[in-house]
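Asks: Okay, so here is work.txt, and as you'll see once you scroll down, it has compact mmCIF, C-alpha atoms.
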# COMPACT_ATOMS: atom_id res chain seq x y z
CA MET A 20 -209.28 -120.26 58.73
CA ARG A 21 -206.17 -120.31 60.86
CA VAL A 22 -202.63 -119.81 59.63
CA ILE A 23 -199.63 -120.64 61.77
CA ALA A 24 -196.27 -119.13 60.88
CA VAL A 25 -193.16 -120.73 62.29
CA GLY A 26 -190.62 -117.96 62.62
CA ASN A 27 -190.78 -114.27 63.39
CA GLY A 28 -188.03 -113.12 61.05
CA LEU A 29 -188.61 -111.21 57.85
CA ALA A 30 -190.30 -114.06 55.96
CA GLY A 31 -192.66 -114.94 58.81
CA VAL A 32 -193.64 -111.37 59.54
CA ILE A 33 -194.01 -110.26 55.94
CA SER A 34 -196.14 -113.33 55.15
CA ALA A 35 -198.36 -112.58 58.14
CA LYS A 36 -198.63 -108.94 57.13
CA THR A 37 -199.52 -109.88 53.55
CA ILE A 38 -202.14 -112.39 54.67
CA ARG A 39 -203.73 -109.66 56.77
CA GLU A 40 -203.74 -107.34 53.74
CA LEU A 41 -205.60 -110.02 51.79
CA SER A 42 -208.05 -111.06 54.48
CA ARG A 43 -209.58 -109.45 57.53
CA ASP A 44 -210.84 -112.70 59.00
CA VAL A 45 -208.00 -115.19 58.86
CA GLU A 46 -206.54 -115.98 62.27
CA ILE A 47 -202.78 -115.58 62.24
CA ASP A 48 -200.40 -116.95 64.85
CA VAL A 49 -196.66 -116.40 64.65
CA PHE A 50 -194.45 -118.60 66.81
CA ALA A 51 -191.03 -117.17 67.54
CA LEU A 52 -187.87 -118.76 68.83
CA GLU A 53 -186.43 -115.46 69.98
CA ARG A 54 -187.71 -113.23 72.74
CA TYR A 55 -187.99 -110.14 70.54
CA HIS A 56 -190.52 -108.64 68.22
CA TYR A 57 -189.45 -108.37 64.60
CA TYR A 58 -186.18 -106.70 63.77
CA PRO A 59 -184.36 -106.77 60.41
CA ARG A 60 -181.02 -108.51 60.79
CA PRO A 61 -178.97 -105.84 58.95
CA ASN A 62 -179.78 -103.54 61.89
CA LEU A 63 -177.65 -105.81 64.09
CA ILE A 64 -174.51 -104.59 62.35
CA GLU A 65 -175.34 -100.96 63.07
CA PHE A 66 -176.22 -101.86 66.67
CA LEU A 67 -172.97 -103.77 67.04
CA ALA A 68 -171.09 -100.77 65.69
CA GLY A 69 -172.83 -98.50 68.18
CA ASN A 70 -174.39 -96.45 65.40
CA ILE A 71 -178.00 -96.97 66.50
CA PRO A 72 -179.56 -97.39 69.93
CA LEU A 73 -181.38 -100.59 70.88
CA GLU A 74 -184.86 -99.19 70.21
CA ARG A 75 -183.94 -98.58 66.59
CA VAL A 76 -183.03 -102.22 66.05
CA PHE A 77 -186.72 -103.09 66.10
CA ALA A 78 -188.96 -102.45 63.14
CA PHE A 79 -192.39 -103.54 64.33
CA SER A 80 -193.53 -102.99 67.90
CA LYS A 81 -195.86 -105.03 70.07
CA GLU A 82 -198.56 -102.51 69.15
CA TRP A 83 -198.00 -103.12 65.46
CA TYR A 84 -198.76 -106.83 65.89
CA GLY A 85 -201.84 -105.85 67.86
CA SER A 86 -203.08 -103.44 65.23
CA GLN A 87 -202.59 -106.09 62.54
CA ARG A 88 -204.35 -108.67 64.70
CA ILE A 89 -201.37 -110.96 64.39
CA ARG A 90 -200.87 -113.03 67.53
CA VAL A 91 -197.17 -113.38 68.20
CA HIS A 92 -195.87 -115.92 70.69
CA LEU A 93 -192.33 -114.96 71.68
CA GLU A 94 -189.88 -117.57 72.92
CA THR A 95 -192.43 -120.21 72.06
CA PRO A 96 -190.82 -122.52 69.53
CA VAL A 97 -192.72 -124.96 67.38
CA THR A 98 -191.02 -128.28 68.00
CA LYS A 99 -192.77 -130.72 65.66
CA ILE A 100 -195.06 -130.80 62.67
CA PHE A 101 -197.83 -133.35 62.13
CA PRO A 102 -198.79 -132.85 58.49
CA GLN A 103 -201.50 -135.55 58.51
CA SER A 104 -203.52 -134.13 61.39
CA LYS A 105 -202.54 -130.53 60.50
CA GLU A 106 -201.11 -129.83 63.91
CA VAL A 107 -197.90 -128.47 65.35
CA GLU A 108 -196.36 -129.23 68.68
CA ILE A 109 -195.46 -126.19 70.77
CA GLU A 110 -192.50 -126.26 73.17
CA GLY A 111 -192.55 -130.06 73.17
CA LYS A 112 -195.88 -130.01 74.99
CA ARG A 113 -199.23 -128.85 73.72
CA LYS A 114 -200.57 -129.04 70.18
CA GLU A 115 -202.15 -126.39 67.96
CA LYS A 116 -204.25 -126.93 64.85
CA TYR A 117 -203.73 -125.08 61.59
CA ASP A 118 -205.40 -124.87 58.21
CA ALA A 119 -202.22 -123.63 56.55
CA LEU A 120 -198.70 -123.71 57.90
CA LEU A 121 -195.91 -121.38 56.87
CA LEU A 122 -192.35 -122.45 57.59
CA ALA A 123 -190.15 -119.40 57.98
CA THR A 124 -187.46 -120.97 60.10
CA GLY A 125 -184.66 -119.09 58.33
CA SER A 126 -181.08 -120.19 58.59
CA PHE A 127 -178.27 -120.56 61.07
CA PRO A 128 -174.60 -119.59 60.82
CA PHE A 129 -172.39 -122.28 59.38
CA VAL A 130 -169.40 -123.13 61.51
CA PRO A 131 -166.87 -125.24 59.61
CA PRO A 132 -165.48 -128.25 61.47
CA LEU A 133 -162.69 -126.51 63.34
CA GLU A 134 -160.76 -127.77 66.30
CA GLY A 135 -161.44 -125.49 69.23
CA ALA A 136 -164.65 -123.96 67.86
CA ASP A 137 -166.33 -124.74 71.20
CA LYS A 138 -163.91 -122.56 73.16
CA LYS A 139 -165.00 -119.58 75.18
CA GLY A 140 -164.68 -116.48 73.04
CA VAL A 141 -165.92 -118.00 69.76
CA PHE A 142 -169.05 -116.35 68.40
CA THR A 143 -171.36 -116.14 65.43
CA LEU A 144 -173.78 -113.31 64.66
CA ARG A 145 -177.35 -114.10 63.78
CA THR A 146 -179.59 -112.82 66.56
CA LEU A 147 -179.84 -109.81 68.81
CA ASP A 148 -178.76 -112.00 71.71
CA ASP A 149 -175.65 -112.95 69.72
CA ALA A 150 -174.91 -109.23 69.33
CA TYR A 151 -175.32 -108.70 73.09
CA GLU A 152 -172.95 -111.56 73.84
CA ILE A 153 -170.35 -110.24 71.41
CA LEU A 154 -170.55 -106.74 72.89
CA GLU A 155 -170.26 -108.03 76.43
CA PHE A 156 -167.22 -110.17 75.66
CA LEU A 157 -165.68 -107.37 73.62
CA GLU A 158 -165.51 -105.15 76.70
CA ASP A 159 -162.40 -106.87 77.99
CA HIS A 160 -161.22 -108.79 74.92
CA ARG A 161 -159.97 -106.23 72.46
CA LYS A 162 -158.20 -108.35 69.86
CA VAL A 163 -160.71 -109.87 67.46
CA VAL A 164 -160.33 -112.17 64.48
CA LEU A 165 -163.05 -112.69 61.88
CA ILE A 166 -163.06 -116.12 60.27
CA GLY A 167 -164.57 -115.40 56.85
CA GLY A 168 -164.10 -112.39 54.57
CA GLY A 169 -167.49 -112.41 52.88
CA LEU A 170 -170.03 -109.61 53.11
CA LEU A 171 -171.09 -110.40 56.68
CA GLY A 172 -167.53 -110.94 57.91
CA LEU A 173 -166.43 -107.59 56.51
CA GLU A 174 -169.42 -105.76 57.95
CA ILE A 175 -168.85 -107.27 61.39
CA ALA A 176 -165.18 -106.29 61.14
CA ARG A 177 -166.15 -102.72 60.37
CA ALA A 178 -168.60 -102.67 63.30
CA ILE A 179 -166.02 -104.06 65.74
CA LYS A 180 -163.43 -101.60 64.47
CA HIS A 181 -165.92 -98.83 65.13
CA ARG A 182 -165.86 -100.01 68.76
CA LYS A 183 -162.13 -99.27 68.68
CA ALA A 184 -160.99 -102.88 68.98
CA GLU A 185 -158.21 -104.48 66.98
CA VAL A 186 -159.60 -106.51 64.07
CA GLU A 187 -158.19 -108.98 61.59
CA VAL A 188 -160.15 -110.69 58.82
CA VAL A 189 -159.00 -114.13 57.74
CA GLU A 190 -160.23 -115.39 54.37
CA PHE A 191 -159.71 -118.72 52.68
CA PHE A 192 -159.84 -117.36 49.10
CA ASP A 193 -156.91 -115.38 47.78
CA ARG A 194 -159.07 -112.29 47.30
CA LEU A 195 -162.11 -110.63 48.84
CA LEU A 196 -165.63 -111.25 47.49
CA PRO A 197 -164.39 -113.58 44.76
CA ARG A 198 -167.83 -114.00 43.22
CA GLN A 199 -168.59 -110.30 42.92
CA LEU A 200 -165.15 -108.84 42.20
CA ASP A 201 -162.15 -109.40 39.96
CA GLU A 202 -158.54 -109.21 41.12
CA GLU A 203 -158.15 -105.47 40.62
CA ALA A 204 -161.37 -104.52 42.37
CA ALA A 205 -160.71 -106.94 45.23
CA SER A 206 -157.26 -105.53 45.76
CA LEU A 207 -158.63 -101.98 45.78
CA LEU A 208 -161.28 -102.96 48.31
CA LYS A 209 -158.61 -104.62 50.44
CA THR A 210 -156.59 -101.41 50.47
CA GLN A 211 -159.64 -99.45 51.54
CA ILE A 212 -160.43 -101.88 54.33
CA GLU A 213 -156.83 -101.77 55.49
CA ASN A 214 -157.01 -97.99 55.48
CA MET A 215 -159.83 -98.29 58.00
CA GLY A 216 -157.35 -100.03 60.27
CA ILE A 217 -158.63 -103.56 59.67
CA LYS A 218 -156.03 -106.23 58.94
CA VAL A 219 -156.79 -108.60 56.07
CA ARG A 220 -155.14 -111.99 55.63
CA LEU A 221 -156.00 -113.85 52.43
CA GLY A 222 -155.49 -117.38 51.17
CA VAL A 223 -155.31 -119.03 54.56
CA ALA A 224 -157.45 -121.80 55.99
CA THR A 225 -157.97 -121.87 59.72
CA GLN A 226 -156.94 -125.23 61.12
CA LYS A 227 -157.69 -124.70 64.77
CA ILE A 228 -158.63 -122.16 67.35
CA VAL A 229 -155.98 -122.28 70.03
CA GLY A 230 -156.05 -121.37 73.70
CA GLU A 231 -156.62 -123.01 77.06
CA GLY A 232 -160.34 -122.70 77.69
CA SER A 233 -160.61 -119.27 76.12
CA VAL A 234 -159.47 -118.15 72.65
CA LYS A 235 -155.83 -117.15 72.29
CA GLY A 236 -155.45 -117.26 68.52
CA LEU A 237 -155.74 -119.18 65.27
CA LYS A 238 -153.42 -121.72 63.69
CA PHE A 239 -153.44 -121.96 59.90
CA LYS A 240 -153.19 -125.06 57.73
CA GLU A 241 -150.47 -123.43 55.68
CA GLY A 242 -148.47 -122.88 58.85
CA GLY A 243 -148.29 -119.67 60.79
CA GLU A 244 -150.71 -118.30 63.32
CA THR A 245 -152.30 -115.14 64.59
CA LYS A 246 -153.11 -113.95 68.09
CA ALA A 247 -156.64 -113.08 69.12
CA GLU A 248 -158.76 -113.04 72.27
CA MET A 249 -162.01 -113.43 70.45
CA ALA A 250 -163.03 -115.17 67.20
CA ILE A 251 -166.18 -114.48 65.23
CA VAL A 252 -167.09 -117.04 62.58
CA ALA A 253 -168.82 -115.67 59.49
CA ALA A 254 -168.57 -118.55 57.07
CA GLY A 255 -172.01 -118.42 55.51
CA ILE A 256 -175.44 -119.71 56.45
CA ARG A 257 -177.26 -123.02 56.29
CA PRO A 258 -181.04 -123.36 55.93
CA GLU A 259 -182.85 -124.50 59.05
CA ILE A 260 -184.70 -127.57 57.77
CA GLN A 261 -184.52 -130.09 60.62
CA MET A 262 -188.17 -129.94 61.67
CA ALA A 263 -189.43 -130.10 58.07
CA LYS A 264 -187.21 -133.10 57.43
CA GLU A 265 -188.45 -134.92 60.50
CA ALA A 266 -192.02 -134.29 59.40
CA GLY A 267 -191.27 -136.07 56.12
CA LEU A 268 -191.35 -133.03 53.83
CA VAL A 269 -189.06 -133.17 50.82
CA THR A 270 -185.82 -131.43 51.70
CA ASP A 271 -182.45 -131.16 50.06
CA ARG A 272 -180.10 -128.41 51.21
CA GLY A 273 -183.25 -126.42 51.90
CA ILE A 274 -186.96 -127.17 52.13
CA VAL A 275 -187.96 -127.90 48.56
CA VAL A 276 -190.82 -125.71 47.28
CA ASP A 277 -192.61 -125.26 43.95
CA ASP A 278 -193.24 -121.96 42.17
CA PHE A 279 -196.07 -121.23 44.60
CA LEU A 280 -193.82 -121.75 47.63
CA GLN A 281 -195.72 -124.90 48.49
CA THR A 282 -193.71 -127.72 50.04
CA SER A 283 -194.18 -131.38 49.16
CA HIS A 284 -197.21 -131.33 51.45
CA SER A 285 -200.29 -129.33 50.57
CA ASP A 286 -201.25 -126.90 53.36
CA ILE A 287 -197.56 -126.40 54.19
CA TYR A 288 -195.68 -123.51 52.63
CA ALA A 289 -192.20 -122.13 53.18
CA ALA A 290 -190.45 -118.82 52.56
CA GLY A 291 -187.09 -117.25 53.30
CA ASP A 292 -183.59 -118.56 53.92
CA ASN A 293 -184.86 -122.09 54.61
CA VAL A 294 -186.28 -122.46 51.09
CA GLN A 295 -184.83 -124.22 48.07
CA HIS A 296 -186.54 -123.13 44.87
CA GLN A 297 -185.49 -124.68 41.56
CA GLY A 298 -182.31 -125.91 43.18
CA LYS A 299 -181.38 -122.52 44.51
CA ILE A 300 -181.09 -121.20 48.04
CA TRP A 301 -181.26 -117.43 47.82
CA GLY A 302 -180.38 -116.34 51.32
CA ILE A 303 -180.83 -112.63 50.61
CA ILE A 304 -183.44 -110.26 52.01
CA PRO A 305 -185.10 -109.23 48.73
CA ALA A 306 -185.70 -112.91 47.90
CA SER A 307 -187.14 -113.67 51.34
CA PHE A 308 -189.39 -110.70 50.86
CA ASP A 309 -190.69 -111.82 47.45
CA GLN A 310 -191.14 -115.38 48.66
CA ALA A 311 -192.98 -114.29 51.80
CA ARG A 312 -195.49 -112.31 49.77
CA ILE A 313 -196.05 -115.11 47.29
CA ALA A 314 -196.39 -117.76 50.00
CA ALA A 315 -199.06 -115.56 51.62
CA ILE A 316 -200.87 -115.19 48.29
CA SER A 317 -200.79 -118.97 47.80
CA ILE A 318 -202.07 -119.59 51.32
CA MET A 319 -205.00 -117.32 50.51
CA GLY A 320 -205.83 -119.52 47.55
CA GLN A 321 -204.65 -117.17 44.82
CA LYS A 322 -202.13 -118.06 42.14
CA LYS A 323 -198.95 -116.15 41.58
CA LYS A 324 -195.65 -117.66 40.53
CA TYR A 325 -192.32 -116.98 42.15
CA GLN A 326 -189.86 -116.46 39.31
CA GLY A 327 -186.74 -115.71 41.28
CA THR A 328 -185.56 -112.37 42.53
CA VAL A 329 -183.57 -109.73 40.71
CA PRO A 330 -180.90 -108.69 43.20
CA SER A 331 -180.03 -105.04 43.43
CA ASN A 332 -177.13 -104.04 41.18
CA THR A 333 -175.34 -102.13 43.87
CA LEU A 334 -174.41 -102.92 47.39
CA LYS A 335 -172.45 -101.15 50.03
CA VAL A 336 -169.50 -103.06 51.41
CA VAL A 337 -168.05 -101.42 54.51
CA GLY A 338 -169.34 -98.13 53.15
CA VAL A 339 -167.92 -98.60 49.66
CA ASP A 340 -170.31 -98.69 46.70
CA VAL A 341 -169.85 -101.92 44.81
CA ALA A 342 -171.80 -103.02 41.75
CA SER A 343 -171.24 -106.35 40.11
CA ILE A 344 -173.47 -107.25 37.20
CA GLY A 345 -173.47 -110.26 34.89
CA LEU A 346 -170.27 -112.09 34.00
CA VAL A 347 -167.41 -110.32 35.75
CA ASN A 348 -164.68 -112.96 35.66
CA PRO A 349 -164.68 -114.64 32.24
CA GLU A 350 -162.49 -117.72 32.32
CA GLU A 351 -162.45 -118.60 28.64
CA GLU A 352 -161.18 -116.83 25.53
CA GLY A 353 -163.30 -114.58 23.37
CA TYR A 354 -164.03 -111.78 25.79
CA GLU A 355 -162.68 -108.28 25.85
CA GLN A 356 -162.20 -106.49 29.16
CA ILE A 357 -161.80 -102.75 29.45
CA ARG A 358 -160.82 -101.14 32.71
CA MET A 359 -160.55 -97.72 34.28
CA GLU A 360 -158.98 -97.20 37.66
CA ARG A 361 -158.25 -94.20 39.87
CA LYS A 362 -156.69 -95.82 42.90
CA GLU A 363 -156.27 -92.71 45.03
CA GLU A 364 -160.02 -92.03 44.72
CA GLY A 365 -160.95 -95.66 45.21
CA ILE A 366 -162.66 -95.80 41.84
CA TYR A 367 -162.55 -98.81 39.55
CA LYS A 368 -164.74 -99.67 36.59
CA LYS A 369 -164.64 -102.57 34.22
CA VAL A 370 -166.81 -103.83 31.39
CA VAL A 371 -166.66 -107.31 29.91
CA LEU A 372 -167.57 -107.40 26.22
CA GLN A 373 -168.51 -110.24 23.94
CA GLU A 374 -168.96 -109.52 20.24
CA GLY A 375 -169.35 -105.83 20.95
CA SER A 376 -171.99 -106.10 23.65
CA ILE A 377 -171.45 -105.67 27.37
CA ILE A 378 -172.17 -108.85 29.26
CA GLY A 379 -170.71 -107.94 32.62
CA ALA A 380 -169.52 -104.97 34.65
CA ILE A 381 -167.90 -103.99 37.93
CA TRP A 382 -168.34 -100.48 39.28
CA MET A 383 -166.61 -99.56 42.49
CA GLY A 384 -166.42 -96.32 44.44
CA THR A 385 -169.08 -94.69 42.29
CA LYS A 386 -172.64 -95.38 41.25
CA LYS A 387 -172.72 -92.98 38.36
CA GLY A 388 -173.64 -94.87 35.21
CA VAL A 389 -174.35 -98.18 36.96
CA ASP A 390 -178.03 -98.28 36.08
CA GLN A 391 -177.30 -97.36 32.46
CA VAL A 392 -174.67 -100.09 32.14
CA GLY A 393 -177.08 -102.53 33.74
CA ARG A 394 -179.63 -101.66 31.07
CA LEU A 395 -177.06 -102.07 28.26
CA ILE A 396 -176.35 -105.56 29.61
CA THR A 397 -180.02 -106.52 29.69
CA GLN A 398 -180.70 -105.10 26.24
CA LYS A 399 -177.54 -106.61 24.70
CA ILE A 400 -176.87 -103.46 22.72
CA LYS A 401 -173.66 -103.18 20.64
CA VAL A 402 -171.41 -100.58 22.20
CA THR A 403 -168.19 -101.08 20.21
CA LYS A 404 -167.91 -97.40 19.29
CA TRP A 405 -168.14 -96.23 22.91
CA LYS A 406 -166.48 -99.13 24.68
CA ARG A 407 -163.73 -96.94 26.09
CA SER A 408 -165.48 -93.62 26.55
CA LEU A 409 -168.38 -95.15 28.49
CA LEU A 410 -166.03 -95.69 31.39
CA GLU A 411 -165.52 -91.94 31.69
CA ASP A 412 -167.32 -90.21 34.54
CA ASP A 413 -169.22 -87.72 32.42
CA PHE A 414 -170.15 -90.11 29.61
CA ASP A 415 -173.59 -89.38 28.20
CA PHE A 416 -175.29 -92.76 27.85
CA SER A 417 -178.11 -91.30 25.77
CA VAL A 418 -175.82 -91.28 22.71
CA ILE A 419 -175.91 -95.09 22.63
CA LYS A 420 -178.73 -96.21 20.39
CA ASN A 421 -179.65 -99.59 19.08
CA MET B 12 -186.00 -84.21 45.29
CA GLY B 13 -184.41 -87.57 44.65
CA LYS B 14 -185.66 -91.09 45.21
CA TRP B 15 -183.89 -93.35 47.68
CA GLU B 16 -183.70 -97.13 47.56
CA CYS B 17 -183.59 -99.53 50.50
CA THR B 18 -180.45 -101.63 50.05
CA ALA B 19 -181.94 -104.40 52.17
CA CYS B 20 -185.22 -105.03 50.38
CA GLY B 21 -185.38 -102.77 47.34
CA TYR B 22 -188.22 -100.52 48.53
CA ILE B 23 -188.05 -97.12 46.86
CA TYR B 24 -188.85 -93.98 48.83
CA ASP B 25 -190.47 -91.48 46.49
CA PRO B 26 -190.73 -88.01 48.08
CA GLU B 27 -193.64 -87.16 45.80
CA LYS B 28 -195.66 -89.96 47.39
CA GLY B 29 -194.22 -89.81 50.90
CA ASP B 30 -195.23 -92.58 53.29
CA PRO B 31 -198.73 -91.57 54.40
CA GLU B 32 -199.38 -94.84 56.24
CA ASN B 33 -196.62 -93.88 58.63
CA GLY B 34 -197.48 -90.23 58.87
CA ILE B 35 -195.14 -88.92 56.19
CA SER B 36 -196.99 -86.54 53.91
CA PRO B 37 -196.32 -86.35 50.16
CA GLY B 38 -193.61 -83.85 49.32
CA THR B 39 -191.31 -84.84 52.21
CA SER B 40 -187.75 -85.22 51.00
CA PHE B 41 -185.70 -88.18 52.22
CA GLU B 42 -183.48 -85.82 54.20
CA GLU B 43 -186.52 -84.45 56.01
CA LEU B 44 -187.70 -87.86 57.19
CA PRO B 45 -187.42 -88.26 60.96
CA ASP B 46 -184.38 -90.18 62.23
CA ASP B 47 -186.53 -93.00 63.51
CA TRP B 48 -188.32 -93.51 60.21
CA VAL B 49 -187.81 -97.07 58.95
CA CYS B 50 -188.32 -98.79 55.64
CA PRO B 51 -192.08 -99.47 55.53
CA GLN B 52 -191.38 -102.70 53.69
CA CYS B 53 -188.68 -104.43 55.72
CA GLY B 54 -188.01 -102.14 58.67
CA VAL B 55 -184.33 -101.20 58.32
CA GLY B 56 -183.28 -97.69 59.26
CA LYS B 57 -182.47 -94.70 57.06
CA GLU B 58 -178.78 -95.58 56.97
CA PHE B 59 -179.58 -98.54 54.73
CA PHE B 60 -180.96 -96.29 52.05
CA GLN B 61 -178.99 -94.99 49.16
CA LYS B 62 -179.79 -92.24 46.76
CA MET B 63 -180.73 -93.48 43.33
CA ALA B 64 -178.57 -92.35 40.43
Take the structure in the file and write it out as structure tokens.

Replies:
Amino acid sequence: MRVIAVGNGLAGVISAKTIRELSRDVEIDVFALERYHYYPRPNLIEFLAGNIPLERVFAFSKEWYGSQRIRVHLETPVTKIFPQSKEVEIEGKRKEKYDALLLATGSFPFVPPLEGADKKGVFTLRTLDDAYEILEFLEDHRKVVLIGGGLLGLEIARAIKHRKAEVEVVEFFDRLLPRQLDEEAASLLKTQIENMGIKVRLGVATQKIVGEGSVKGLKFKEGGETKAEMAIVAAGIRPEIQMAKEAGLVTDRGIVVDDFLQTSHSDIYAAGDNVQHQGKIWGIIPASFDQARIAAISIMGQKKKYQGTVPSNTLKVVGVDVASIGLVNPEEEGYEQIRMERKEEGIYKKVVLQEGSIIGAIWMGTKKGVDQVGRLITQKIKVTKWKRSLLEDDFDFSVIKN
Amino acid sequence: MGKWECTACGYIYDPEKGDPENGISPGTSFEELPDDWVCPQCGVGKEFFQKMA
């Protein structure tokens, strides 16, 4: 049996690794667009910031592939799929046969239709080569604007700031991380980011990137402008589905898969950022990981269902601990919200209650009690008696009983 | 010795178990792991780990 994986990112590599764990005999070929062995994309931020040397960007070496007996073909893109004859076209030339195909083509950065987006000095960050290009240009262009104030935009801003350049983040929403945070938490985070020396401009839509040939600044729809010599667009990702679509597989925003990560064609599976499962595109590492393992299991003829991924409660945003669980921004009546804030320490906590039970929480600047609150939310326990005291730092959660 | 969680993929480093496949013997605390140790599950570096509460 021969499995071909299209893509050498996390989903492709983890699938290949899992297949090898399940079978010693299956032939595995991974075709990669990039010229590098596997590296996890979060490492790019640390590399961009200058916090880790190049060799630490990579997770699995050439030797690792060898020891796993996974043949990896770098800079050798699959260009077409022929589902009927079970073949793929490589580099527009030769063909290779497969018994099972895994599509792990990932995603690409979304660049909104912006006038001037093709100018010199406009970048996105997805690959190691992107990071190289940014670093090279940054050497003599020290005024940078980030278009997009989501997680990636903020992390890139922090990395660039660490390189001692001037950075401004421009965000369309009127607050940072609108899905994860409420107004108070977002404003506290903004203050902390500003304290790092990063400018934040909210509630503005970029109309065009100005400059003759090379970037000179941004013009906003609302009027006004900002100067910059370099623009990095971090406006989200889009699943890479072109090849699957052309091959006649069912696609929507992503490649549509069932609970076994099988596409509309038997023998073709998909995992990672390119996947749409039950209408949802996950686009987060833990989900790609789960999907990659399950796709591998399916390819090996076993049955295990993908039932979605439970994202981690806490994340670090520019070094700040942020937890956002359940419903954090109730829009209707009937909810009670209790808050605790110590601005000077950067600490903010909030619980959202409905009929005495916690249904949502934000924890910022501290992780103490996050797991316990998460459990209270899952177990829907009534906490009326402790609803205020549980926001205190030394609250003993063991006193809450059903 | 505390457990540490990979913020990228959710892998949990348990010092009691170590990471024998990568030459880390049981009983090695997270702090004692070499600087070039990476998450055995997804490959990110130590700086992506956070101590579990």

Asks: Find the residues around A:Thr124 up to 7 Å (all atoms listed in the file counted), leave out those fewer than 4 positions away in its own chain, and share them as JSON, numbers by chain.

Replies: {"A": [25, 26, 259, 293]}

Asks: Define the interface residues of chain A facing chain B as those within 10 Å, counting all atoms listed in the file, and report them as a PyMOL selection string.

Replies: chain A and resi 29-30+32-33+57-63+65+70-71+74-79+303-309+329-335+340+385-391

Asks: Which protein, DNA or RNA residues have an atom at most 12 Å from (-196.9, -123.6, 52.1), counting all atoms listed in the file? List them as a count of residues only.

Replies: 46

Asks: Could you work out how far atom CA of A:Val223 lies from atom CA of A:Glu190, giving the answer in Å with one decimal?

Replies: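 These two atoms are separated by 6.1 Å.
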
Asks: Please provide as a PDB file with C-alpha atoms, in the coordinates of the input all residues within 9 Å of A:Ala224, with the sequence filter that same-chain residues fewer than 2 positions apart are discarded (counting only C-alpha atoms).

Replies:
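Okay, this is what ended up in out-v5.pdb:
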ATOM      1  CA  VAL A 189    -159.000-114.130  57.740  1.00  0.00           C
ATOM      2  CA  GLU A 190    -160.230-115.390  54.370  1.00  0.00           C
ATOM      3  CA  PHE A 191    -159.710-118.720  52.680  1.00  0.00           C
ATOM      4  CA  PHE A 192    -159.840-117.360  49.100  1.00  0.00           C
ATOM      5  CA  LEU A 221    -156.000-113.850  52.430  1.00  0.00           C
ATOM      6  CA  GLY A 222    -155.490-117.380  51.170  1.00  0.00           C
ATOM      7  CA  GLN A 226    -156.940-125.230  61.120  1.00  0.00           C
ATOM      8  CA  LYS A 238    -153.420-121.720  63.690  1.00  0.00           C
ATOM      9  CA  PHE A 239    -153.440-121.960  59.900  1.00  0.00           C
ATOM     10  CA  LYS A 240    -153.190-125.060  57.730  1.00  0.00           C
ATOM     11  CA  GLU A 241    -150.470-123.430  55.680  1.00  0.00           C
TER      12      GLU A 241
END

Asks: What is the atom CA of A:Lys81 to atom CA of B:Asn33 distance in Å?

Replies: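 Pair atom CA of A:Lys81 / atom CA of B:Asn33 returns 16.0 Å.
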
Asks: Between A:Glu411, A:Glu244, A:Asp159, A:Glu53, which is the closest to A:Arg145 once you count all atoms listed in the file?

Replies: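 Of A:Glu411, A:Glu244, A:Asp159, A:Glu53, the one nearest A:Arg145 is A:Glu53, counting all atoms listed in the file.
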
Asks: By how many Å are atom CA of A:Ser126 and atom CA of A:Ser104 apart?

Replies: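 Atom CA of A:Ser126 sits 26.6 Å away from atom CA of A:Ser104.
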
Asks: Which one is closest to B:Trp15: B:Phe60, B:Glu43, B:Pro31, B:Gly38? Count only C-alpha atoms.

Replies: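 Of all the options, B:Phe60 lies closest to B:Trp15.
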
Asks: Need to verify the contact set: A:Arg113, 12 Å, all atoms listed in the file, exclusion of same-chain residues closer than 6 positions in sequence. Can you return it as a list in words?

Replies: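 What passes the distance filter is Thr95, Pro96, Val97, Thr98, Lys99, Ile100, Glu106 and Val107 of chain A.
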
Asks: For C-alpha atoms, I'd like the residues from the last selection saved as an mmCIF file, in the frame of the given file.

Replies:
data_model
loop_
_atom_site.group_PDB
_atom_site.id
_atom_site.type_symbol
_atom_site.label_atom_id
_atom_site.label_comp_id
_atom_site.auth_asym_id
_atom_site.auth_seq_id
_atom_site.Cartn_x
_atom_site.Cartn_y
_atom_site.Cartn_z
ATOM 1 C CA THR A 95 -192.430 -120.210 72.060
ATOM 2 C CA PRO A 96 -190.820 -122.520 69.530
ATOM 3 C CA VAL A 97 -192.720 -124.960 67.380
ATOM 4 C CA THR A 98 -191.020 -128.280 68.000
ATOM 5 C CA LYS A 99 -192.770 -130.720 65.660
ATOM 6 C CA ILE A 100 -195.060 -130.800 62.670
ATOM 7 C CA GLU A 106 -201.110 -129.830 63.910
ATOM 8 C CA VAL A 107 -197.900 -128.470 65.350
#

Asks: Neighbouring residues of stretch 165-182 of chain A were defined as those with any atom within 6 Å, considering all atoms listed in the file; residues of the same chain fewer than 4 positions away were excluded. Please report them as a list in words.

Replies: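 In the requested form, the answer reads Leu67, Ala68, Val188, Val189, Glu190, Leu196, Ala250, Ile251, Val252, Ala253, Ala254 and Val337 of chain A.
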
Asks: Which of these residues is nearest to A:Ser233, using all atoms listed in the file: A:Glu110, A:Asp137, A:Asp48, A:Glu94?

Replies: A:Asp137

Asks: Tell me, as a list in words, which residues lie within 9 Å of stretch 343-357 of chain A, counting only C-alpha atoms; anything in the same chain fewer than 5 positions away does not count.

Replies: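 Using only C-alpha atoms, the neighbours found are Arg198, Gln199, Leu200, Asp201, Asn332, Thr333, Leu334, Lys368, Lys369, Val370, Val371, Leu372, Gln373, Glu374, Gly375, Ile378, Gly379, Ala380, Ile381, Trp382, Met383, Val392, Gly393, Ile396, Lys406, Arg407 and Leu410 of chain A.
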